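Visitor: Data file input-v9.cif (mmCIF, C-alpha atoms and all ligand atoms) is appended below.
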data_data
#
loop_
_atom_site.label_atom_id
_atom_site.label_comp_id
_atom_site.auth_asym_id
_atom_site.auth_seq_id
_atom_site.Cartn_x
_atom_site.Cartn_y
_atom_site.Cartn_z
CA MET Y 1 -17.51 -0.16 6.66
CA ARG Y 2 -18.40 -2.35 3.69
CA ILE Y 3 -15.35 -3.71 1.87
CA VAL Y 4 -15.14 -5.89 -1.22
CA MET Y 5 -11.93 -7.98 -1.61
CA LEU Y 6 -10.94 -8.66 -5.22
CA GLY Y 7 -8.11 -10.76 -6.63
CA ALA Y 8 -7.24 -13.93 -8.48
CA PRO Y 9 -7.56 -17.33 -6.79
CA GLY Y 10 -4.63 -17.62 -4.40
CA SER Y 11 -4.00 -13.86 -4.36
CA GLY Y 12 -4.69 -13.87 -0.62
CA LYS Y 13 -8.27 -12.51 -0.47
CA GLY Y 14 -9.52 -14.96 2.12
CA THR Y 15 -6.27 -14.87 4.09
CA GLN Y 16 -6.17 -11.07 4.30
CA ALA Y 17 -9.91 -10.75 4.96
CA THR Y 18 -9.59 -13.08 7.95
CA LEU Y 19 -6.85 -10.85 9.42
CA LEU Y 20 -8.77 -7.65 8.68
CA VAL Y 21 -11.92 -8.74 10.50
CA GLU Y 22 -9.88 -8.94 13.72
CA ARG Y 23 -8.93 -5.28 13.25
CA LEU Y 24 -12.29 -3.95 12.15
CA GLY Y 25 -14.69 -6.11 14.17
CA ILE Y 26 -16.98 -6.76 11.21
CA PRO Y 27 -17.85 -10.19 9.78
CA HIS Y 28 -16.00 -11.90 6.93
CA ILE Y 29 -18.42 -13.13 4.28
CA SER Y 30 -16.77 -15.51 1.80
CA THR Y 31 -18.91 -16.93 -1.00
CA GLY Y 32 -16.35 -19.75 -1.41
CA VAL Y 33 -16.83 -20.68 2.28
CA LEU Y 34 -20.65 -20.44 1.97
CA LEU Y 35 -20.54 -22.78 -1.04
CA ARG Y 36 -18.11 -25.27 0.54
CA SER Y 37 -20.28 -25.37 3.72
CA ALA Y 38 -23.40 -26.05 1.64
CA ALA Y 39 -21.51 -28.83 -0.19
CA GLN Y 40 -20.34 -30.35 3.09
CA GLU Y 41 -23.88 -30.28 4.47
CA GLY Y 42 -24.93 -32.18 1.34
CA THR Y 43 -27.78 -29.79 0.43
CA GLU Y 44 -29.07 -29.98 -3.16
CA LEU Y 45 -27.64 -26.53 -3.83
CA GLY Y 46 -24.29 -27.48 -2.25
CA LEU Y 47 -23.86 -30.65 -4.29
CA LYS Y 48 -24.76 -28.83 -7.50
CA ALA Y 49 -22.22 -26.12 -6.66
CA LYS Y 50 -19.49 -28.64 -5.76
CA ALA Y 51 -19.60 -30.26 -9.20
CA ILE Y 52 -19.05 -26.82 -10.79
CA MET Y 53 -16.35 -25.70 -8.31
CA ASP Y 54 -14.44 -28.96 -8.84
CA ARG Y 55 -14.03 -28.02 -12.51
CA GLY Y 56 -12.80 -24.52 -11.56
CA ASN Y 57 -15.81 -22.77 -13.09
CA LEU Y 58 -18.15 -20.21 -11.52
CA VAL Y 59 -21.46 -21.40 -10.10
CA SER Y 60 -24.56 -19.70 -11.54
CA ASP Y 61 -25.21 -16.09 -10.62
CA ASP Y 62 -28.76 -16.91 -9.36
CA LEU Y 63 -27.58 -19.65 -7.05
CA ILE Y 64 -24.83 -17.58 -5.44
CA LEU Y 65 -27.01 -14.46 -5.18
CA GLY Y 66 -29.64 -16.37 -3.19
CA LEU Y 67 -27.00 -17.58 -0.71
CA LEU Y 68 -25.41 -14.16 -0.43
CA LYS Y 69 -28.69 -12.26 0.10
CA ASP Y 70 -29.58 -14.54 3.02
CA ARG Y 71 -26.17 -13.87 4.58
CA LEU Y 72 -26.22 -10.08 4.02
CA THR Y 73 -29.58 -9.75 5.71
CA GLU Y 74 -28.38 -11.52 8.88
CA GLU Y 75 -28.19 -9.12 11.80
CA ASN Y 76 -24.40 -9.11 12.25
CA ALA Y 77 -23.90 -7.82 8.68
CA SER Y 78 -25.86 -4.63 9.35
CA GLY Y 79 -22.79 -2.83 10.77
CA GLY Y 80 -20.56 -3.62 7.80
CA PHE Y 81 -18.68 -6.61 6.38
CA ILE Y 82 -15.73 -7.78 4.32
CA LEU Y 83 -17.01 -9.53 1.25
CA ASP Y 84 -14.55 -12.04 -0.23
CA GLY Y 85 -15.13 -13.91 -3.52
CA TYR Y 86 -18.07 -11.79 -4.67
CA PRO Y 87 -18.59 -10.16 -7.16
CA ARG Y 88 -16.83 -12.45 -9.66
CA ASN Y 89 -18.29 -10.98 -12.85
CA LEU Y 90 -19.98 -7.74 -13.92
CA ALA Y 91 -23.51 -9.13 -13.56
CA GLN Y 92 -22.72 -9.99 -9.93
CA ALA Y 93 -21.28 -6.50 -9.35
CA LYS Y 94 -24.55 -4.96 -10.55
CA SER Y 95 -26.66 -7.38 -8.49
CA LEU Y 96 -24.60 -6.54 -5.41
CA ASP Y 97 -25.21 -2.82 -5.91
CA GLU Y 98 -28.96 -3.47 -6.22
CA VAL Y 99 -29.11 -5.59 -3.05
CA LEU Y 100 -27.01 -3.14 -1.05
CA ASP Y 101 -29.02 -0.15 -2.33
CA GLN Y 102 -32.17 -1.85 -1.07
CA LEU Y 103 -30.48 -2.30 2.32
CA GLY Y 104 -29.21 1.30 2.25
CA GLN Y 105 -25.61 0.01 2.66
CA PRO Y 106 -23.51 0.71 -0.44
CA VAL Y 107 -19.94 -0.58 -0.92
CA ASP Y 108 -17.40 1.82 0.65
CA GLU Y 109 -14.14 0.33 -0.64
CA ALA Y 110 -12.88 -2.33 -3.03
CA ILE Y 111 -9.38 -3.77 -2.46
CA LEU Y 112 -7.66 -5.50 -5.37
CA LEU Y 113 -4.81 -7.87 -4.41
CA ASP Y 114 -2.46 -8.01 -7.34
CA GLY Y 115 -0.10 -10.95 -7.76
CA ASP Y 116 2.02 -12.89 -10.22
CA THR Y 117 0.48 -16.07 -11.73
CA GLU Y 118 3.40 -18.33 -10.80
CA THR Y 119 3.33 -17.13 -7.16
CA ILE Y 120 -0.34 -18.01 -7.08
CA ILE Y 121 0.20 -21.48 -8.57
CA ARG Y 122 2.91 -22.13 -5.93
CA ARG Y 123 0.71 -20.99 -3.03
CA ILE Y 124 -2.22 -23.09 -4.13
CA ALA Y 125 0.02 -26.14 -4.72
CA LYS Y 126 1.13 -25.78 -1.09
CA ARG Y 127 -2.48 -25.54 0.09
CA ALA Y 128 -3.39 -28.58 -2.06
CA LYS Y 129 -0.79 -30.62 -0.13
CA GLU Y 130 -1.84 -29.26 3.28
CA GLU Y 131 -5.64 -29.17 2.94
CA GLY Y 132 -6.52 -31.32 -0.08
CA ARG Y 133 -9.17 -28.93 -1.43
CA SER Y 134 -10.77 -30.59 -4.44
CA ASP Y 135 -10.39 -27.53 -6.74
CA ASP Y 136 -6.70 -26.91 -5.96
CA SER Y 137 -5.01 -29.29 -8.43
CA GLU Y 138 -2.74 -27.51 -10.95
CA ASP Y 139 -4.89 -27.98 -14.08
CA ILE Y 140 -8.03 -26.81 -12.24
CA VAL Y 141 -6.16 -23.80 -10.83
CA ARG Y 142 -5.05 -22.83 -14.36
CA ASN Y 143 -8.72 -22.95 -15.42
CA ARG Y 144 -9.68 -20.82 -12.38
CA MET Y 145 -7.03 -18.27 -13.46
CA LYS Y 146 -8.49 -18.21 -16.98
CA VAL Y 147 -12.01 -17.68 -15.58
CA TYR Y 148 -10.57 -14.90 -13.41
CA ARG Y 149 -8.91 -13.12 -16.35
CA GLU Y 150 -12.00 -13.37 -18.55
CA GLN Y 151 -14.81 -12.75 -16.07
CA THR Y 152 -13.54 -11.30 -12.79
CA ALA Y 153 -10.74 -8.89 -13.82
CA PRO Y 154 -13.27 -6.43 -15.40
CA VAL Y 155 -14.93 -6.07 -11.98
CA ALA Y 156 -11.89 -4.09 -10.75
CA GLU Y 157 -12.50 -1.56 -13.53
CA TYR Y 158 -16.18 -1.32 -12.44
CA TYR Y 159 -15.09 -0.15 -8.97
CA ALA Y 160 -12.25 2.01 -10.35
CA GLU Y 161 -14.78 3.95 -12.45
CA ARG Y 162 -16.74 4.64 -9.25
CA GLY Y 163 -13.60 5.85 -7.44
CA LEU Y 164 -13.77 2.97 -4.94
CA LEU Y 165 -10.76 0.84 -5.94
CA THR Y 166 -7.44 0.53 -4.08
CA CYS Y 167 -4.78 -1.79 -5.57
CA VAL Y 168 -2.42 -3.51 -3.14
CA LEU Y 169 0.59 -5.66 -4.10
CA GLY Y 170 -0.18 -9.21 -2.93
CA GLU Y 171 3.43 -10.48 -3.20
CA GLY Y 172 5.58 -11.13 -0.13
CA SER Y 173 4.65 -12.63 3.25
CA ILE Y 174 1.10 -12.63 4.61
CA GLU Y 175 2.17 -10.06 7.24
CA GLU Y 176 3.79 -7.78 4.62
CA VAL Y 177 0.62 -7.78 2.52
CA GLN Y 178 -1.50 -7.08 5.62
CA GLN Y 179 0.71 -4.11 6.51
CA ARG Y 180 0.27 -2.70 2.98
CA ILE Y 181 -3.52 -2.93 3.32
CA LEU Y 182 -3.51 -1.33 6.78
CA SER Y 183 -1.28 1.51 5.52
CA ALA Y 184 -3.41 2.08 2.42
CA PHE Y 185 -6.51 2.48 4.59
CA GLU Y 186 -4.79 4.09 7.56
CA ILE Y 187 -6.19 1.38 9.81
CA TYR Y 188 -4.55 1.32 13.25
CA HIS Y 189 -5.33 -0.40 16.49
CA PRO Y 190 -6.31 2.58 18.63
CA ALA Y 191 -5.06 1.12 21.92
CA THR Y 192 -1.54 0.20 20.79
CA GLU Y 193 -0.64 2.17 17.68
CA THR Y 194 -0.68 5.68 16.35
CA PRO Y 195 -0.72 6.77 12.73
CA GLY Y 196 2.85 7.14 11.39
P1 LIG Y 201 -12.78 -19.09 -3.24
O1 LIG Y 201 -13.14 -19.79 -2.00
O2 LIG Y 201 -13.03 -17.62 -3.30
O3 LIG Y 201 -11.24 -19.48 -3.49
P2 LIG Y 201 -9.91 -18.70 -3.86
O4 LIG Y 201 -10.18 -17.78 -5.01
O5 LIG Y 201 -8.84 -19.74 -4.03
O6 LIG Y 201 -9.50 -17.82 -2.67
P3 LIG Y 201 -9.16 -18.15 -1.17
O7 LIG Y 201 -9.69 -16.99 -0.46
O8 LIG Y 201 -9.63 -19.51 -0.78
O9 LIG Y 201 -7.58 -18.26 -1.08
P4 LIG Y 201 -6.47 -17.18 -0.73
O10 LIG Y 201 -6.24 -16.41 -1.99
O11 LIG Y 201 -6.68 -16.38 0.49
O12 LIG Y 201 -13.53 -19.74 -4.52
C1 LIG Y 201 -13.52 -21.12 -4.79
C2 LIG Y 201 -14.55 -21.48 -5.88
O13 LIG Y 201 -15.89 -21.18 -5.41
C3 LIG Y 201 -14.46 -20.71 -7.21
O14 LIG Y 201 -13.53 -21.27 -8.12
C4 LIG Y 201 -15.92 -20.83 -7.73
O15 LIG Y 201 -16.17 -22.07 -8.35
C5 LIG Y 201 -16.76 -20.75 -6.47
N1 LIG Y 201 -17.24 -19.37 -6.17
C6 LIG Y 201 -16.90 -18.64 -5.08
N2 LIG Y 201 -17.51 -17.42 -5.13
C7 LIG Y 201 -18.24 -17.41 -6.29
C8 LIG Y 201 -19.07 -16.44 -6.92
N3 LIG Y 201 -19.23 -15.22 -6.40
N4 LIG Y 201 -19.67 -16.76 -8.09
C9 LIG Y 201 -19.50 -17.96 -8.64
N5 LIG Y 201 -18.73 -18.93 -8.12
C10 LIG Y 201 -18.09 -18.66 -6.94
O16 LIG Y 201 -5.22 -18.08 -0.37
C11 LIG Y 201 -4.72 -19.14 -1.13
C12 LIG Y 201 -3.54 -19.82 -0.43
O17 LIG Y 201 -2.41 -18.97 -0.45
C13 LIG Y 201 -3.77 -20.15 1.06
O18 LIG Y 201 -3.27 -21.42 1.33
C14 LIG Y 201 -2.99 -19.10 1.82
O19 LIG Y 201 -2.48 -19.54 3.04
C15 LIG Y 201 -1.86 -18.79 0.85
N6 LIG Y 201 -1.41 -17.41 0.94
C16 LIG Y 201 -2.18 -16.31 0.90
N7 LIG Y 201 -1.41 -15.21 0.98
C17 LIG Y 201 -0.10 -15.64 1.05
C18 LIG Y 201 1.17 -14.98 1.14
N8 LIG Y 201 1.26 -13.64 1.17
N9 LIG Y 201 2.28 -15.74 1.19
C19 LIG Y 201 2.20 -17.08 1.16
N10 LIG Y 201 1.04 -17.78 1.09
C20 LIG Y 201 -0.10 -17.05 1.03
#
Written as structure tokens, that's how I'd like the structure from this file.
Guide:
Amino acid sequence: MRIVMLGAPGSGKGTQATLLVERLGIPHISTGVLLRSAAQEGTELGLKAKAIMDRGNLVSDDLILGLLKDRLTEENASGGFILDGYPRNLAQAKSLDEVLDQLGQPVDEAILLDGDTETIIRRIAKRAKEEGRSDDSEDIVRNRMKVYREQTAPVAEYYAERGLLTCVLGEGSIEEVQQRILSAFEIYHPATETPG
């Protein structure tokens, strides 16, 4: 199964994707994680990306596509994946379709986590205190929200037009949101649960 997770910064994409991989046994591919790893390793690409991420803007489509293609062609992605943080604009959505068409592995589902802006600001403020991520300060988060509204929100429509979009309310506890996703997709652990 090939799933794309969509949602504003702080909507819970990465959090929910991490829980879903345990259920589905497919890898979690996060472009944010790929970029932060490259920055930590100090590669030229990583340092370039870090300067952009620290302002809350999107890194260039070419740069991120190169990183993503390498990851999608790794062997453990051939049986499916949960893609988190990509696509973030319409050009990326089209590039993703092209790459996956070439691999003969089209997107099966897109999940949009919908949440209130103030909830998101609160969650990220908490993470800023706990983890100190350099793009989590309040003014940068407000810019990330603006970038989301202008560039990423139209991507949901792109998948809706193709009949692939499921919207899930991202408010409430992490476990409550996970349960909503599992119910929407009728995902159960075969050994311990039966469909309700
Ligand atoms: P990401 O790493 O994707 O960062 P994010 O949008 O904040 O999402 P993340 O997955 O980390 O957080 P989550 O909502 O799960 O991107 C960072 C930057 O990288 C971008 O701004 C951009 O510059 C660059 N980038 C990445 N992909 C790109 C692309 N394709 N093109 C160009 N640039 C790209 O969780 C947030 C917090 O909320 C966590 O602390 C979590 O514990 C908490 N939380 C989640 N759900 C909760 C709940 N239900 N209740 C309480 N807390 C909750």
Visitor: Please identify all protein, DNA and RNA residues within 8 Å of ligand LIG 201 (chain Y), counting all atoms listed in the file, and report them as a PyMOL selection string.
Guide: chain Y and resi 7-17+30-33+35-36+49-50+52-61+64-65+84-89+92+120+123-124+126-128+135-136+144+170-177
Visitor: Just checking: using all atoms listed in the file, which residue out of Y:His28, Y:Arg133, Y:Arg142, Y:Leu67 ends up closest to Gly46 in chain Y?
Guide: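 Of the candidates, the smallest distance to Gly46 in chain Y is held by Y:Leu67.
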Visitor: Expressed in Å to a single decimal, how great is the separation between CA of Leu112 in chain Y and CA of Arg2 in chain Y?
Guide: 14.4 Å
Visitor: Just to confirm, what's the straight-line distance from CA of Gln40 in chain Y to CA of Ile3 in chain Y in Å (one decimal)?
Guide: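 It comes out at 27.1 Å.
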Visitor: Skipping near chain neighbours, those fewer than 5 positions away, what residues fall within 9 Å of Leu72 in chain Y using all atoms listed in the file, listed as number ranges by chain?
Guide: Y: 29, 67, 77-78, 81, 99-100
Visitor: Just write the chosen residues, C-alpha atoms, as an mmCIF file, in the frame of the given file.
Guide:
data_model
loop_
_atom_site.group_PDB
_atom_site.id
_atom_site.type_symbol
_atom_site.label_atom_id
_atom_site.label_comp_id
_atom_site.auth_asym_id
_atom_site.auth_seq_id
_atom_site.Cartn_x
_atom_site.Cartn_y
_atom_site.Cartn_z
ATOM 1 C CA ILE Y 29 -18.420 -13.130 4.280
ATOM 2 C CA LEU Y 67 -27.000 -17.580 -0.710
ATOM 3 C CA ALA Y 77 -23.900 -7.820 8.680
ATOM 4 C CA SER Y 78 -25.860 -4.630 9.350
ATOM 5 C CA PHE Y 81 -18.680 -6.610 6.380
ATOM 6 C CA VAL Y 99 -29.110 -5.590 -3.050
ATOM 7 C CA LEU Y 100 -27.010 -3.140 -1.050
#
Visitor: Nearest residue to Gln105 in chain Y out of Y:Gly163, Y:Gly80, Y:Leu6, Y:Ser183, using all atoms listed in the file?
Guide: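 Of Y:Gly163, Y:Gly80, Y:Leu6, Y:Ser183, the one nearest Gln105 in chain Y is Y:Gly80, counting all atoms listed in the file.
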Visitor: What does the distance from CA of Asp114 in chain Y to CA of Arg149 in chain Y come to in Å, to one decimal?
Guide: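 For CA of Asp114 in chain Y relative to CA of Arg149 in chain Y, the distance reads 12.2 Å.
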Visitor: Here is a test: counting all atoms listed in the file, which residue of Y:Ile140, Y:Ala91, Y:Ile82, Y:Ala156 is nearest to Val4 in chain Y?
Guide: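 The closest residue to Val4 in chain Y is Y:Ile82.
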Visitor: Between Y:Val168, Y:Gly25, Y:Gly66, Y:Met1, which one has atoms that come closest to Leu182 in chain Y, using only C-alpha atoms?
Guide: Y:Val168
Visitor: Between Y:Leu34, Y:Ala160, Y:Thr166, Y:Ile121, which is the closest to Asn143 in chain Y once you count all atoms listed in the file?
Guide: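 For Asn143 in chain Y, the nearest of the given residues is Y:Ile121.
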